[in-house]
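Here's the structure, in structure tokens; my notes come after.
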Amino acid sequence: MMHQEARAGLLMDPISLQLDTENLCGCLVRLLSKDPEWLSAKVKFFLPNMDLGSGDQSPDPTQRVIQQLNKLHTQGQTTWQEFIHCVCMELDVPLDLEVPLLSTWGHGDGFPRQPEVGEESQPDSQLHPGLKRPHQSCGSSPRPKQCKKQQQELAKRYLQLLRTSAQQRYADRTPGPGQPLAFPQAYIPPILQWSRASAPFDTQEGAITGDPKAEDGTDVNIRDLFNTKANRGPRVTVLLGKAGMGKTTLAHRLCQKWADGQLDRFQALFLFEFRQLNLITGFLTLPQLLFDLYLRPEAGPEAVFQYLEENANGILLIFDGLDEIFHPCSSKETAGPEDPASALTLFSRLCRGTLLPGCWVMATSRPGKLPACLPTEAATVHMWGFDGPRVEEYVSRFFSDQPSQEAAVAELRTNRRLWSMCAVPALCRVACLCLYRLLPGSSPGQSAALLPTMTQNYVQMVLTLSPRGFLPAESLLGLGEVALRGLETGKVIFSAGDIPPPVMAFGAALGLMTSFCVCTGPGHQETGYAFTHVSLQEFFAALHLMASPQVDKDTLSQHVTLTSRWVQRTKARLGLLDHLPTFLAGLASCACRPFLSLLAQQDEAWVGTKQAAVVQALRKLATRRLTGPKVVELCHCVGETQAPELAGFTAQSLPHQMPFHNFLLTYADLAALTNILGHRDAPIHLDFEGCPLEPRCPEALAGCGQVENLSFKSRKCGDAFAEALSRSLPTMGSLKKLGLAGSKITAQGISHLVQALPLCPQLEEISFRDNQLKDWEVLNVVEVLPCLPRLRKLELSLSNVSASTLLSLTNVAVTCPTVRMLQVRKADLIFLLSPPTETATELQGDPDLQGNANQRKEAQRRSLALRLQKCQLGVHDVEVLIAQLREGPHLDEVDLSGNRLEDEGCQLMAEAAPQLHIAGKLDLSSNGLSLAGVCRVLSAVSTCRTLAEFHVSLLHKTVVLKFAPEPEEQEVTQKRAAFPDSLTFQTPSDPPLCAPRIRLTHCALQAQHLEHLCKALGGSCCLCHLDLSGNALGDKGAALLAQLLPGVGALQSLNLSENGLSLDAVFSLTQCFSTLPWLLHLDFSSESQRVILRGDGRDRDLLAAGSLPEFQAGAQFLGFGQRRISRSFCLRECQLEPLSLSRLCETLEKCPGPLEVKLSCNVLSDQSLETLLHHLPRLPELSLLQGQEQLQLIWKNTTEN
């Protein structure tokens, strides 16, 4: 023993001579020799980047301790002080040794000045192996030519050095003494989801056990993150995830996998953190970034860099924390690609391919505003944290024995809020750490009850980690002050001088702080310290604000703010205060009052005043009109307070329509929203559009009875999302409208939804629009229609439906008793339904008790509208459709426009129309109908008793048939008709329900077509209006038509406008006054080409009633001859020459009954006036002659005489 002490004193001679504390050094060596693992962990903490392997292999344990102490001592006064505080705080140090240790070295007394780390006189051995000495800088100087073989040899040695360095870095990741947080547990991969279709991944390669799962169940292994089809140009992947999701952990996981040879496609991998790159104030070249700041080649850096350029497709560069950059980057750059620039500019050049073209670049970032330098074609991967199985797997890895594992999982499952918080991997770890200390000796459910909020998880963590069972208030407040000062200045990395040694020792002892080597430039390095996670820094900052006497209520309230996280590209960067308001709200909970009182060393009334200030600030925020991101953040804060009154006030303040557009939402976000909505009385509509959503997000809405309308519209929703939604839908009893549009669901997701929808009988509207559903998925959805008694609308638009599937849908529409309309138009596919009027009790009754009779009665009572527009239906499809419709209900409308029926298909539909019970219209427009087909269709419908109008315009491709209601539907109307009984009911056959209106406009009809046309019209029971305007009949056609009209039957009007008619046609038509009893008015306008033949509506009805086969037209006219029916002839805008006027008068002389003549012509010549005077005596029935003054005067003189 004496020999060892003498040896120790000899070995400590450099220190002993300077400090004259030989006995104290010997005691320290003996103390640390008892726990060499603890000392090694502390040396790694304070010297994170120093190679400790070769110098610590002495077989003598005492000598190894002395060597490690010497290395700590050479780092300077601050590091030595912090180490001594750690010794006294964490180890069982006797009091007689603790006092001299702290008094001698704890405050820096007697410590001779040593060169600080990073100064010029620093020994070369302290430099990072990859840092160049100043005289070895490898900037952008020209590279000397080297032979290929030598270059490959140098590159091979450097690549092996890279891999060996990474292997050493990740070789030992087990928790060390006093380091419960600094070292991660076994890695559990979070959920990863591709966001951009521009970077599809190939899942054919072998999967690695335990790697992430894609949202649709496809294995997304490490290789899949870099399997893009982009063979040229930059290959950039951006990994987005909220704080605590494990972005940095995954980045280091990739490095570890590469070091182990599992990423064999990459020859070299470089990992940079923007929080460290921010500390570099000067400009760098890419070789300096790779070799000075990461790892320097042993020789030939120029040759190595040349090799990297030539093999860039095998190089992966990972940049962690893109959201933490200090200075924005412009999307435009004027400097050359080889010029020195900032680290962010180098990153931009790598992404754009101006540096190392063909290399792979991966960046991690919180979602929100991304820098403009990021290329828009970058593939995006969302990190969603843990789902249920991952939480359980993490717990099983955290707890070593099975009883503890089962107990921890049971505690998490009994507390829904704690379970939802564990979706964030960082919070899951904190919860497990608390349960590790709370579970022993506690009853089931008791431990979880102490962890109701995120803040209280952190509070419990601090309490369980506090040494010797007491709360070190001074150290906690000191750590909080450091944390707040860093957040306010944007600082997450601290130097040794930023943190007092006792505070640093406290943070290191509890594992709240971590250390690493920070390179501030080529040849310059120092040790940096940071909180193990940014959220932990925010928690301690909140502790300082709530417990420090120096912070008043006004200052505290100013930190209770809400920030938006819109997904957009701007020059702004994200802040560091994501969770600070949430932690302040959590500390405002009454449950935290005793803890804060003890920490602040104040009574609970003092603490309550500060808590009230936070609650009041949140209450003010709840009264404002907030955007979606701020509403979610407010829900998180209010939930943390555990104040029911505030939660109720916030819930009632939310608008009836709550939109959430274009920002990322996680399961925890929707869980926070659901928690607040549970305090709401009124229904609410939630609309999520363009939001990247965690696949299991809908599970958080389970049991939320306040949601009346729920709509999701995002291409990022897939089968896993649909499966999660299907689990929540049956529990949302007030949900009336459901929308899932623009998603990527397939048959798998649809099958889950179809199983859930029948369990939601209260649904009134469902929309699966723009999901690119195929035939099977569409048919699977419509099968649930009979199971949803209150459904009013089902939309499946923008689906890929074939003609055969479309006919299956029409069959569903015909057979389902609640369907009122099926509308299919190119991209639209909509079912409209009318729920029956039965009571709710009947709706829930046994369907077998209703029987087929009730179903048939309902089918007869209902009417159906069928719109199948632009569906590429052909003749065969129409035959199938007609067969379906004949067995179906009455039809309000059948619209088959825009298909491929042509003449044959249109004729089939026209022939079937009388049996289809159509009460509205049949639209056959844009089906390729020809002029010959028009006559065939007209013949087919001419005998239809319910035809009300037939309109064809070949120019405008219009073919529309309108029908009157069936006789049973017109029974009341018929009883009220003014017809005499002898005329209405004493007929051998049923009369038509209405006189049809035939409109054949712009059909290019000519004189040669009239005979076939009138033959088709002759089969009509009774016409009302015949419109032949816009054709090419000419005078010849008008003359022929005048001869054919008596065979057509009584009309109410005949329109021959725009047919190129002259006065000769008028003379032919005027003769109809004597051949057509129904004709009472003839109106002709030469300039406007208006030619109208009309009858009187009332008289026409009487004539039509007598125009049955057993009556003759002449008899009919004579029968009504007792009533003097006046006729009128109107001629406008014509030039009447004497010869034409003479022909006109001769024709009018044959007109029976009183006659009115209206001539609105140009000035008549004297000869024309003489001709008119000559013919007036031959018009004894002329009762009115109206026109210009000359005619008025002549008529006056004639009547007086």
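Identifiers in this document derive from the order of the structure tokens: chains are assigned A, B, ..., residues are numbered from 1 separately in each chain, and ligands are numbered from 1 in order of occurrence.
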From the DSSP assignment of the backbone, select every residue of range 468-700 of chain A that is strand (DSSP E), and format the answer as a short mmCIF file (atom, residue, chain, number, x, y, z; two decimals) with C-alpha atoms, in the first residue's frame.
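Result file is states.cif:
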data_model
loop_
_atom_site.label_atom_id
_atom_site.label_comp_id
_atom_site.auth_asym_id
_atom_site.auth_seq_id
_atom_site.Cartn_x
_atom_site.Cartn_y
_atom_site.Cartn_z
CA MET A 513 -26.44 17.86 -20.23
CA THR A 514 -24.34 16.28 -22.94
CA SER A 515 -20.96 17.28 -24.33
CA PHE A 516 -19.26 17.06 -27.69
CA CYS A 517 -16.39 18.53 -29.65
CA VAL A 518 -17.25 21.76 -31.44
CA CYS A 519 -15.21 22.91 -34.44
CA THR A 520 -15.45 26.65 -34.89
CA GLY A 521 -13.19 26.68 -37.93
CA HIS A 524 -9.99 25.39 -33.96
CA GLN A 525 -12.03 23.25 -31.61
CA GLU A 526 -13.48 23.34 -28.14
CA THR A 527 -15.84 21.34 -25.98
CA GLY A 528 -19.50 22.29 -26.28
CA TYR A 529 -22.33 21.48 -23.91
CA ALA A 530 -26.03 21.20 -24.61
CA PHE A 531 -29.19 19.91 -23.03
CA GLN A 657 -66.56 25.45 -38.67
CA MET A 658 -62.94 24.70 -37.75
CA PRO A 659 -60.58 24.50 -40.77
CA PHE A 660 -57.09 23.02 -40.57
CA HIS A 661 -55.17 23.69 -43.76
CA ILE A 684 -68.41 21.24 -34.52
CA HIS A 685 -67.22 20.68 -38.09
CA LEU A 686 -63.58 19.69 -38.56
CA ASP A 687 -62.06 20.19 -42.00
CA PHE A 688 -58.51 18.95 -42.65
CA GLU A 689 -57.22 19.93 -46.08
#
Hey, what does DSSP flag as alpha helix (DSSP H) within range 794-824 of chain A? Can you give it to me as a PDB file with N, CA and C atoms, in the first residue's frame?
ATOM      1  N   ALA A 803     -67.554   0.541 -67.854  1.00  0.00           N
ATOM      2  CA  ALA A 803     -68.970   0.548 -68.248  1.00  0.00           C
ATOM      3  C   ALA A 803     -69.743  -0.558 -67.548  1.00  0.00           C
ATOM      4  N   SER A 804     -69.128  -1.724 -67.399  1.00  0.00           N
ATOM      5  CA  SER A 804     -69.828  -2.828 -66.729  1.00  0.00           C
ATOM      6  C   SER A 804     -70.098  -2.508 -65.271  1.00  0.00           C
ATOM      7  N   THR A 805     -69.130  -1.881 -64.618  1.00  0.00           N
ATOM      8  CA  THR A 805     -69.348  -1.481 -63.224  1.00  0.00           C
ATOM      9  C   THR A 805     -70.404  -0.398 -63.140  1.00  0.00           C
ATOM     10  N   LEU A 806     -70.419   0.480 -64.114  1.00  0.00           N
ATOM     11  CA  LEU A 806     -71.433   1.526 -64.132  1.00  0.00           C
ATOM     12  C   LEU A 806     -72.833   0.925 -64.207  1.00  0.00           C
ATOM     13  N   LEU A 807     -73.004  -0.099 -65.004  1.00  0.00           N
ATOM     14  CA  LEU A 807     -74.318  -0.755 -65.078  1.00  0.00           C
ATOM     15  C   LEU A 807     -74.654  -1.464 -63.772  1.00  0.00           C
ATOM     16  N   SER A 808     -73.634  -1.944 -63.091  1.00  0.00           N
ATOM     17  CA  SER A 808     -73.887  -2.522 -61.765  1.00  0.00           C
ATOM     18  C   SER A 808     -74.358  -1.449 -60.795  1.00  0.00           C
ATOM     19  N   LEU A 809     -73.807  -0.250 -60.930  1.00  0.00           N
ATOM     20  CA  LEU A 809     -74.243   0.860 -60.072  1.00  0.00           C
ATOM     21  C   LEU A 809     -75.675   1.262 -60.385  1.00  0.00           C
ATOM     22  N   THR A 810     -76.042   1.254 -61.677  1.00  0.00           N
ATOM     23  CA  THR A 810     -77.430   1.575 -62.010  1.00  0.00           C
ATOM     24  C   THR A 810     -78.381   0.530 -61.447  1.00  0.00           C
ATOM     25  N   ASN A 811     -77.942  -0.701 -61.421  1.00  0.00           N
ATOM     26  CA  ASN A 811     -78.785  -1.749 -60.838  1.00  0.00           C
ATOM     27  C   ASN A 811     -78.967  -1.519 -59.343  1.00  0.00           C
ATOM     28  N   VAL A 812     -77.889  -1.056 -58.662  1.00  0.00           N
ATOM     29  CA  VAL A 812     -78.018  -0.710 -57.241  1.00  0.00           C
ATOM     30  C   VAL A 812     -78.989   0.441 -57.065  1.00  0.00           C
ATOM     31  N   ALA A 813     -78.890   1.435 -57.946  1.00  0.00           N
ATOM     32  CA  ALA A 813     -79.796   2.577 -57.850  1.00  0.00           C
ATOM     33  C   ALA A 813     -81.239   2.165 -58.064  1.00  0.00           C
ATOM     34  N   VAL A 814     -81.467   1.197 -58.953  1.00  0.00           N
ATOM     35  CA  VAL A 814     -82.830   0.751 -59.241  1.00  0.00           C
ATOM     36  C   VAL A 814     -83.394  -0.077 -58.096  1.00  0.00           C
ATOM     37  N   THR A 815     -82.555  -0.905 -57.503  1.00  0.00           N
ATOM     38  CA  THR A 815     -83.053  -1.850 -56.496  1.00  0.00           C
ATOM     39  C   THR A 815     -83.030  -1.298 -55.079  1.00  0.00           C
TER      40      THR A 815
END
Determine, counting only C-alpha atoms, which protein, DNA and RNA residues have an atom within 7 Å of an atom of range 461-465 of chain A; residues of the same chain fewer than 2 positions away are not included. Present the result as a PDB file with N, CA, C and O atoms, in the first residue's frame.
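around.pdb, freshly written:
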ATOM      1  N   VAL A 430     -39.068   9.586 -21.390  1.00  0.00           N
ATOM      2  CA  VAL A 430     -39.241  10.256 -20.102  1.00  0.00           C
ATOM      3  C   VAL A 430     -40.266   9.507 -19.257  1.00  0.00           C
ATOM      4  O   VAL A 430     -40.072   9.300 -18.048  1.00  0.00           O
ATOM      5  N   LEU A 433     -38.739   6.372 -17.885  1.00  0.00           N
ATOM      6  CA  LEU A 433     -37.802   6.672 -16.802  1.00  0.00           C
ATOM      7  C   LEU A 433     -38.546   6.942 -15.497  1.00  0.00           C
ATOM      8  O   LEU A 433     -38.131   6.484 -14.422  1.00  0.00           O
ATOM      9  N   CYS A 434     -39.670   7.670 -15.601  1.00  0.00           N
ATOM     10  CA  CYS A 434     -40.461   7.936 -14.392  1.00  0.00           C
ATOM     11  C   CYS A 434     -41.089   6.659 -13.855  1.00  0.00           C
ATOM     12  O   CYS A 434     -41.093   6.422 -12.637  1.00  0.00           O
ATOM     13  N   ARG A 437     -38.881   4.441 -11.775  1.00  0.00           N
ATOM     14  CA  ARG A 437     -38.711   4.810 -10.366  1.00  0.00           C
ATOM     15  C   ARG A 437     -40.007   4.719  -9.578  1.00  0.00           C
ATOM     16  O   ARG A 437     -39.977   4.516  -8.357  1.00  0.00           O
ATOM     17  N   ASN A 457     -44.657  14.915 -16.402  1.00  0.00           N
ATOM     18  CA  ASN A 457     -43.677  13.871 -16.677  1.00  0.00           C
ATOM     19  C   ASN A 457     -42.272  14.409 -16.461  1.00  0.00           C
ATOM     20  O   ASN A 457     -41.429  13.740 -15.848  1.00  0.00           O
ATOM     21  N   TYR A 458     -42.015  15.610 -16.959  1.00  0.00           N
ATOM     22  CA  TYR A 458     -40.691  16.203 -16.770  1.00  0.00           C
ATOM     23  C   TYR A 458     -40.437  16.533 -15.302  1.00  0.00           C
ATOM     24  O   TYR A 458     -39.320  16.358 -14.803  1.00  0.00           O
ATOM     25  N   VAL A 459     -41.464  17.009 -14.610  1.00  0.00           N
ATOM     26  CA  VAL A 459     -41.309  17.306 -13.182  1.00  0.00           C
ATOM     27  C   VAL A 459     -40.976  16.033 -12.419  1.00  0.00           C
ATOM     28  O   VAL A 459     -40.070  16.001 -11.568  1.00  0.00           O
ATOM     29  N   PRO A 467     -30.513  13.811  -6.609  1.00  0.00           N
ATOM     30  CA  PRO A 467     -29.684  12.969  -5.729  1.00  0.00           C
ATOM     31  C   PRO A 467     -30.131  13.054  -4.278  1.00  0.00           C
ATOM     32  O   PRO A 467     -30.622  14.083  -3.810  1.00  0.00           O
ATOM     33  N   LEU A 471     -34.614  18.073  -3.231  1.00  0.00           N
ATOM     34  CA  LEU A 471     -34.726  18.885  -4.432  1.00  0.00           C
ATOM     35  C   LEU A 471     -33.646  19.970  -4.408  1.00  0.00           C
ATOM     36  O   LEU A 471     -33.721  20.900  -3.597  1.00  0.00           O
ATOM     37  N   LEU A 510     -27.146  14.390 -13.414  1.00  0.00           N
ATOM     38  CA  LEU A 510     -28.489  13.900 -13.708  1.00  0.00           C
ATOM     39  C   LEU A 510     -28.656  13.494 -15.172  1.00  0.00           C
ATOM     40  O   LEU A 510     -29.730  13.047 -15.570  1.00  0.00           O
TER      41      LEU A 510
END
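Excluding range 377-382 of chain A itself and same-chain residues fewer than 6 positions from it, the residues having an atom within 6 Å of it are Leu192, Gln193, Trp194, Ser195, Arg196, Ala199, Val236, Thr237, Val238, Leu239, Leu240 and Gly241 of chain A, counting only C-alpha atoms.
The environment of range 723-737 of chain A within 6 Å, counting only C-alpha atoms and disregarding residues fewer than 3 places along the same chain, consists of Arg696, Pro698, Glu699, Ala702, Gly703, Cys704, Gly705, Val707, Glu708, Asn709, Ala720, Gly749, His752, Leu753, Ala756, Leu759, Cys760, Leu763, Glu764, Glu765 and Ile766 of chain A.
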Quick one: residues within 8 Å of Gly874 in chain A, only C-alpha atoms counted, chain neighbours fewer than 2 positions away excluded, as a PDB file with C-alpha atoms, in the first residue's frame?
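What follows is the written file result-v9.pdb:
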ATOM      1  CA  GLN A 872     -69.028   5.959 -73.266  1.00  0.00           C
ATOM      2  CA  HIS A 876     -75.391  -3.046 -75.821  1.00  0.00           C
ATOM      3  CA  ASP A 877     -75.127  -1.090 -72.587  1.00  0.00           C
ATOM      4  CA  VAL A 878     -78.438   0.605 -73.341  1.00  0.00           C
ATOM      5  CA  ASN A 899     -72.441   8.721 -74.871  1.00  0.00           C
ATOM      6  CA  ARG A 900     -72.135   6.606 -78.044  1.00  0.00           C
ATOM      7  CA  LEU A 901     -75.707   5.477 -78.641  1.00  0.00           C
ATOM      8  CA  GLY A 905     -79.323   3.315 -79.266  1.00  0.00           C
TER       9      GLY A 905
END
Might you pull out every residue within 12 Å of Glu633 in chain A, with only C-alpha atoms counted and same-chain residues fewer than 6 positions away left off, and present them as a ChimeraX atom specification?
/A:560-565,577-583,585,618,621-622,626-627,639-640,665-666,668-673,676
